[in-house]
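For reference, the structure is listed below as structure tokens.
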Amino acid sequence: MLRQDHQPIQGEGEFTRYWNRQTWLTKQEPEIYGAIKFGSILENVVYNPADRVPDYDDVSITENTRCAYPIEYIENAKIPCIADRQPSNIIMLTCDAFGVLPPVSRLTPEQAQYHFVAGYTSKTPGTEDGIVEPSPTFSTCYGQPFIVLHPGRYAKMLAERMEKNNVDCWLINTGWTGGKFGTGKRCPLKYTRAIVDAIHNGSLAKAEFENFPVFNLSIPKAIDGVPSEILHPAKVWPSKEAFNSEVEKLGGMFQKAFAKYENDIDPSIKKAGPVLE
């Protein structure tokens with residue numbers, strides 16, 4: 001999937017315009033931009049039929065565009081793309097438009113099951129028709145339309161495989177920091193990449209952690225290549241009161257979403273979620 005971040009540029013206190021999409025691609029995703037050539041497939045992208053040159057700034061179809069390309073089009077790709085062992089890390093992705101979840105958290109097996117069942121992210125403007133402001137969405141097991149069994153069954157299978165293979169689970173938030181949508185900014189890709197690198201090279205597992213309240217998540221105090229202050233969201237919010245209010249609000253949303261399934265899930269999993277006073 002071709003991520004269209006569409007990070008707005010702030011001007012005079014308001015978000016007034018968006019990055020030129022082609023400029024964003026060439027700067028933030030040069031490998032992917034280089035892979036968009038004959039043999040790749042673009043979806044929802046307008047192009048000139050005479051010369052086949054895409055116009056990434058034309059959003060008449062939608063702002064939510066995609067591209068598929070052969071893996072060989074990525075210069076440093078590992079070929080063949082074969083994994084010969086079980087993963088040592090599981091990464092769950094979320095996009096928190098409320099700007100309160102940490103950029104990365106280390107999950108216990110119980111927390112991994114809780115967040116897997118919750119499947120939280122945010123719908124943001126430009127991703128779906130009719131979305132003009134961010135709205136929370138809880139897609140069970142990150143794929144609710146395709147779930148056949150009770151989500152508790154899938155969560156238990158996840159925990160069993162984590163234990164069997166000694167796998168760490170991480171929750172990465174690629175959403176907003178320093179405030180919610182409209183006041184904060186999207187977490188820069190370079191920081192998310194540094195976090196993923198630290199997970200893969202094993203250094204993050206050896207880091208010093210502290211507790212993130214309400215959600216009771218373990219968050220690292222330092223990661224190479226990432227400003228330490230953004231690792232704890234409260235430190236980059238201009239108003240502590242506003243931050244606490246949003247954390248409580250999001251925690252309540254989690255509890256309401258999880259309540260639909262909690263009767264058929266081990267009580268220890270519910271306790272791994274946010275705790276409100």
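Labeling convention for the structure tokens: chains A, B, ... as they appear, residues from 1 per chain, ligands from 1 in order of appearance.
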### Task
Name all residues at most 8 Å from A:Glu208 (count only C-alpha atoms; drop same-chain ones fewer than 5 positions away) and give them as a count of residues only.
3
#### Entry: DSSP helix (DSSP H, G or I) residues within stretch 123-273 of chain A, listed as number ranges by chain
A: 140-142, 144-146, 151-165, 189-200, 204-206, 228-231, 233-236, 240-258, 262-264, 267-270
#### Entry: Among listed residues A:Ser218, A:Thr183, A:Asn166, A:Thr65, nearest A:Ser88 (using only C-alpha atoms)
A:Asn166
#### Entry: Counting only C-alpha atoms, the residue of A:Ile265, A:Ala77, A:Leu25, A:Ile91 that sits nearest A:Tyr154
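Between A:Ile265, A:Ala77, A:Leu25, A:Ile91, the residue approaching A:Tyr154 most closely is A:Ile265.
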### Long-range neighbours of A:Ile36 as an NGL selection string, 8 Å cut-off, only C-alpha atoms, 3 positions minimum in chain
:A and (32-33 or 40-41 or 67 or 69)
### Task
Enumerate the residues of stretch 54-210 of chain A with a DSSP assignment of strand (DSSP E), computed from the backbone, and present them as a PyMOL selection string.
chain A and resi 54-55+66-68+89-94+104-107+120-123+135-138+168-173+176-177+185-186+209-210
Within 7 Å of A:Val247, counting only C-alpha atoms, which residues show up once you throw out same-chain ones fewer than 4 positions away? Write them as a PDB file with C-alpha atoms, in the first residue's frame, please.
```pdb
ATOM      1  CA  VAL A 100      -2.361  10.455  23.273  1.00  0.00           C
ATOM      2  CA  PHE A 243      -3.937  15.709  27.474  1.00  0.00           C
ATOM      3  CA  GLY A 251      -9.783   4.994  27.454  1.00  0.00           C
TER       4      GLY A 251
END
```
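Between atom CA of A:Met253 and atom CA of A:Arg186 there is a distance of 21.5 Å.
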### Query
What's the 12 Å shell around A:Glu277, counting only C-alpha atoms, without same-chain residues fewer than 4 positions away, as JSON, numbers by chain?
{"A": [213, 214, 215, 244, 247, 248, 249, 251, 252]}
### Task
Choose the residue, out of A:Pro109, A:Pro274, A:Gly143, A:Gly175, that has the smallest atom-to-atom separation from A:Ile90; count only C-alpha atoms.
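Nearest candidate to A:Ile90 out of A:Pro109, A:Pro274, A:Gly143, A:Gly175: A:Pro109.
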### Message
Which residues are near A:Lys270? Cut-off 9 Å, only C-alpha atoms, ignore same chain within fewer than 2 positions. Put them as a PyMOL selection string.
### Response
chain A and resi 110-111+114+255+258-259+262+265-268+272-274
Would you save the residues of that selection, restricted to all heavy atoms, as a CSV table (one decimal), in the first residue's frame?
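Below is the file that was written, selection-v5.csv:
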```
chain,number,residue,atom,x,y,z
A,110,GLU,N,-1.2,-10.4,27.8
A,110,GLU,CA,-2.5,-10.0,28.1
A,110,GLU,C,-2.9,-8.7,27.3
A,110,GLU,O,-4.0,-8.6,26.7
A,110,GLU,CB,-2.8,-9.8,29.6
A,110,GLU,CG,-2.7,-11.1,30.4
A,110,GLU,CD,-1.3,-11.6,30.6
A,110,GLU,OE1,-0.4,-10.8,30.5
A,110,GLU,OE2,-1.1,-12.8,30.9
A,111,GLN,N,-2.0,-7.8,27.3
A,111,GLN,CA,-2.2,-6.5,26.6
A,111,GLN,C,-2.2,-6.8,25.1
A,111,GLN,O,-3.0,-6.2,24.4
A,111,GLN,CB,-1.1,-5.5,27.0
A,111,GLN,CG,-1.2,-4.9,28.4
A,111,GLN,CD,-0.1,-4.0,28.7
A,111,GLN,OE1,1.1,-4.2,28.3
A,111,GLN,NE2,-0.3,-3.0,29.5
A,114,TYR,N,-5.6,-8.0,24.4
A,114,TYR,CA,-6.6,-6.9,24.5
A,114,TYR,C,-6.6,-6.0,23.3
A,114,TYR,O,-7.7,-5.7,22.7
A,114,TYR,CB,-6.3,-6.1,25.8
A,114,TYR,CG,-7.3,-5.0,26.0
A,114,TYR,CD1,-8.4,-5.2,26.8
A,114,TYR,CD2,-7.2,-3.7,25.4
A,114,TYR,CE1,-9.4,-4.2,27.0
A,114,TYR,CE2,-8.1,-2.7,25.6
A,114,TYR,CZ,-9.2,-2.9,26.4
A,114,TYR,OH,-10.1,-2.0,26.6
A,255,GLN,N,-13.0,0.9,26.5
A,255,GLN,CA,-13.8,0.0,27.4
A,255,GLN,C,-15.1,-0.3,26.7
A,255,GLN,O,-15.6,-1.4,26.8
A,255,GLN,CB,-14.0,0.8,28.7
A,255,GLN,CG,-12.7,0.8,29.5
A,255,GLN,CD,-12.9,1.5,30.9
A,255,GLN,OE1,-14.0,2.1,31.1
A,255,GLN,NE2,-12.0,1.3,31.8
A,258,PHE,N,-14.6,-2.9,23.9
A,258,PHE,CA,-14.3,-4.2,24.4
A,258,PHE,C,-15.4,-4.9,25.1
A,258,PHE,O,-15.5,-6.1,25.1
A,258,PHE,CB,-13.1,-4.1,25.3
A,258,PHE,CG,-12.4,-5.4,25.7
A,258,PHE,CD1,-11.5,-6.0,24.8
A,258,PHE,CD2,-12.7,-6.1,26.8
A,258,PHE,CE1,-10.9,-7.2,25.1
A,258,PHE,CE2,-12.1,-7.3,27.1
A,258,PHE,CZ,-11.2,-7.8,26.2
A,259,ALA,N,-16.4,-4.1,25.6
A,259,ALA,CA,-17.5,-4.6,26.4
A,259,ALA,C,-18.3,-5.6,25.6
A,259,ALA,O,-19.0,-6.5,26.1
A,259,ALA,CB,-18.4,-3.5,26.9
A,262,GLU,N,-16.3,-9.1,26.2
A,262,GLU,CA,-15.7,-9.4,27.4
A,262,GLU,C,-16.3,-10.6,28.1
A,262,GLU,O,-15.6,-11.3,28.9
A,262,GLU,CB,-15.6,-8.2,28.4
A,262,GLU,CG,-17.0,-7.7,28.8
A,262,GLU,CD,-16.9,-6.5,29.7
A,262,GLU,OE1,-15.9,-5.8,29.6
A,262,GLU,OE2,-17.9,-6.2,30.4
A,265,ILE,N,-14.3,-13.7,27.2
A,265,ILE,CA,-12.9,-13.6,27.2
A,265,ILE,C,-12.4,-13.6,28.6
A,265,ILE,O,-13.1,-13.1,29.5
A,265,ILE,CB,-12.4,-12.3,26.5
A,265,ILE,CG1,-12.8,-12.3,25.0
A,265,ILE,CG2,-10.9,-12.1,26.6
A,265,ILE,CD1,-12.4,-11.1,24.2
A,266,ASP,N,-11.3,-14.3,28.9
A,266,ASP,CA,-10.7,-14.4,30.2
A,266,ASP,C,-10.6,-13.0,30.9
A,266,ASP,O,-10.2,-12.0,30.2
A,266,ASP,CB,-9.3,-15.0,30.1
A,266,ASP,CG,-8.7,-15.3,31.5
A,266,ASP,OD1,-8.5,-14.4,32.3
A,266,ASP,OD2,-8.6,-16.5,31.8
A,267,PRO,N,-11.1,-12.9,32.1
A,267,PRO,CA,-11.1,-11.6,32.8
A,267,PRO,C,-9.8,-10.9,32.9
A,267,PRO,O,-9.7,-9.7,32.9
A,267,PRO,CB,-11.6,-11.9,34.2
A,267,PRO,CG,-12.5,-13.2,34.0
A,267,PRO,CD,-11.7,-13.9,32.9
A,268,SER,N,-8.7,-11.7,32.9
A,268,SER,CA,-7.4,-11.1,32.9
A,268,SER,C,-7.1,-10.2,31.7
A,268,SER,O,-6.3,-9.3,31.8
A,268,SER,CB,-6.3,-12.2,33.1
A,268,SER,OG,-6.3,-13.0,31.9
A,272,ALA,N,-6.2,-5.9,31.3
A,272,ALA,CA,-5.0,-5.4,30.6
A,272,ALA,C,-5.3,-4.1,29.8
A,272,ALA,O,-4.4,-3.5,29.2
A,272,ALA,CB,-4.4,-6.5,29.7
A,273,GLY,N,-6.6,-3.7,29.8
A,273,GLY,CA,-6.9,-2.5,29.1
A,273,GLY,C,-6.8,-1.3,30.0
A,273,GLY,O,-6.3,-1.3,31.1
A,274,PRO,N,-7.3,-0.1,29.5
A,274,PRO,CA,-7.2,1.1,30.3
A,274,PRO,C,-8.0,1.1,31.5
A,274,PRO,O,-9.1,0.4,31.6
A,274,PRO,CB,-7.8,2.2,29.3
A,274,PRO,CG,-8.6,1.4,28.3
A,274,PRO,CD,-7.9,0.0,28.2
```
### Query
Nearest to A:Ala97: which of A:Lys123, A:Lys235, A:Arg52, A:Thr26 is it, counting only C-alpha atoms?
A:Lys123
### Summary
Restricting to only C-alpha atoms, whichever of A:Ile147, A:His115, A:Arg161, A:Leu101 is closest to A:Ala234 is A:Leu101
### Task
Would you kindly return, as a PyMOL selection string, each protein, DNA or RNA residue with an atom no farther than 10 Å from any atom of A:Met162, considering only C-alpha atoms and excluding same-chain residues fewer than 5 positions away?
chain A and resi 86-90+109+112+156-157+167-169
### Task
Rank nothing, just name the residue among A:Phe209, A:Trp237, A:Phe116, A:Phe98 nearest to A:Thr174, using only C-alpha atoms.
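Of A:Phe209, A:Trp237, A:Phe116, A:Phe98, the one nearest A:Thr174 is A:Phe98, counting only C-alpha atoms.
Atom CA of A:Cys95 lies 7.5 Å from atom CA of A:Trp176.
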### Task
Record the distance separating atom CA of A:His232 and atom CA of A:Asn216, expressed in Å with one decimal.
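According to the coordinates, atom CA of A:His232 and atom CA of A:Asn216 are separated by 12.4 Å.
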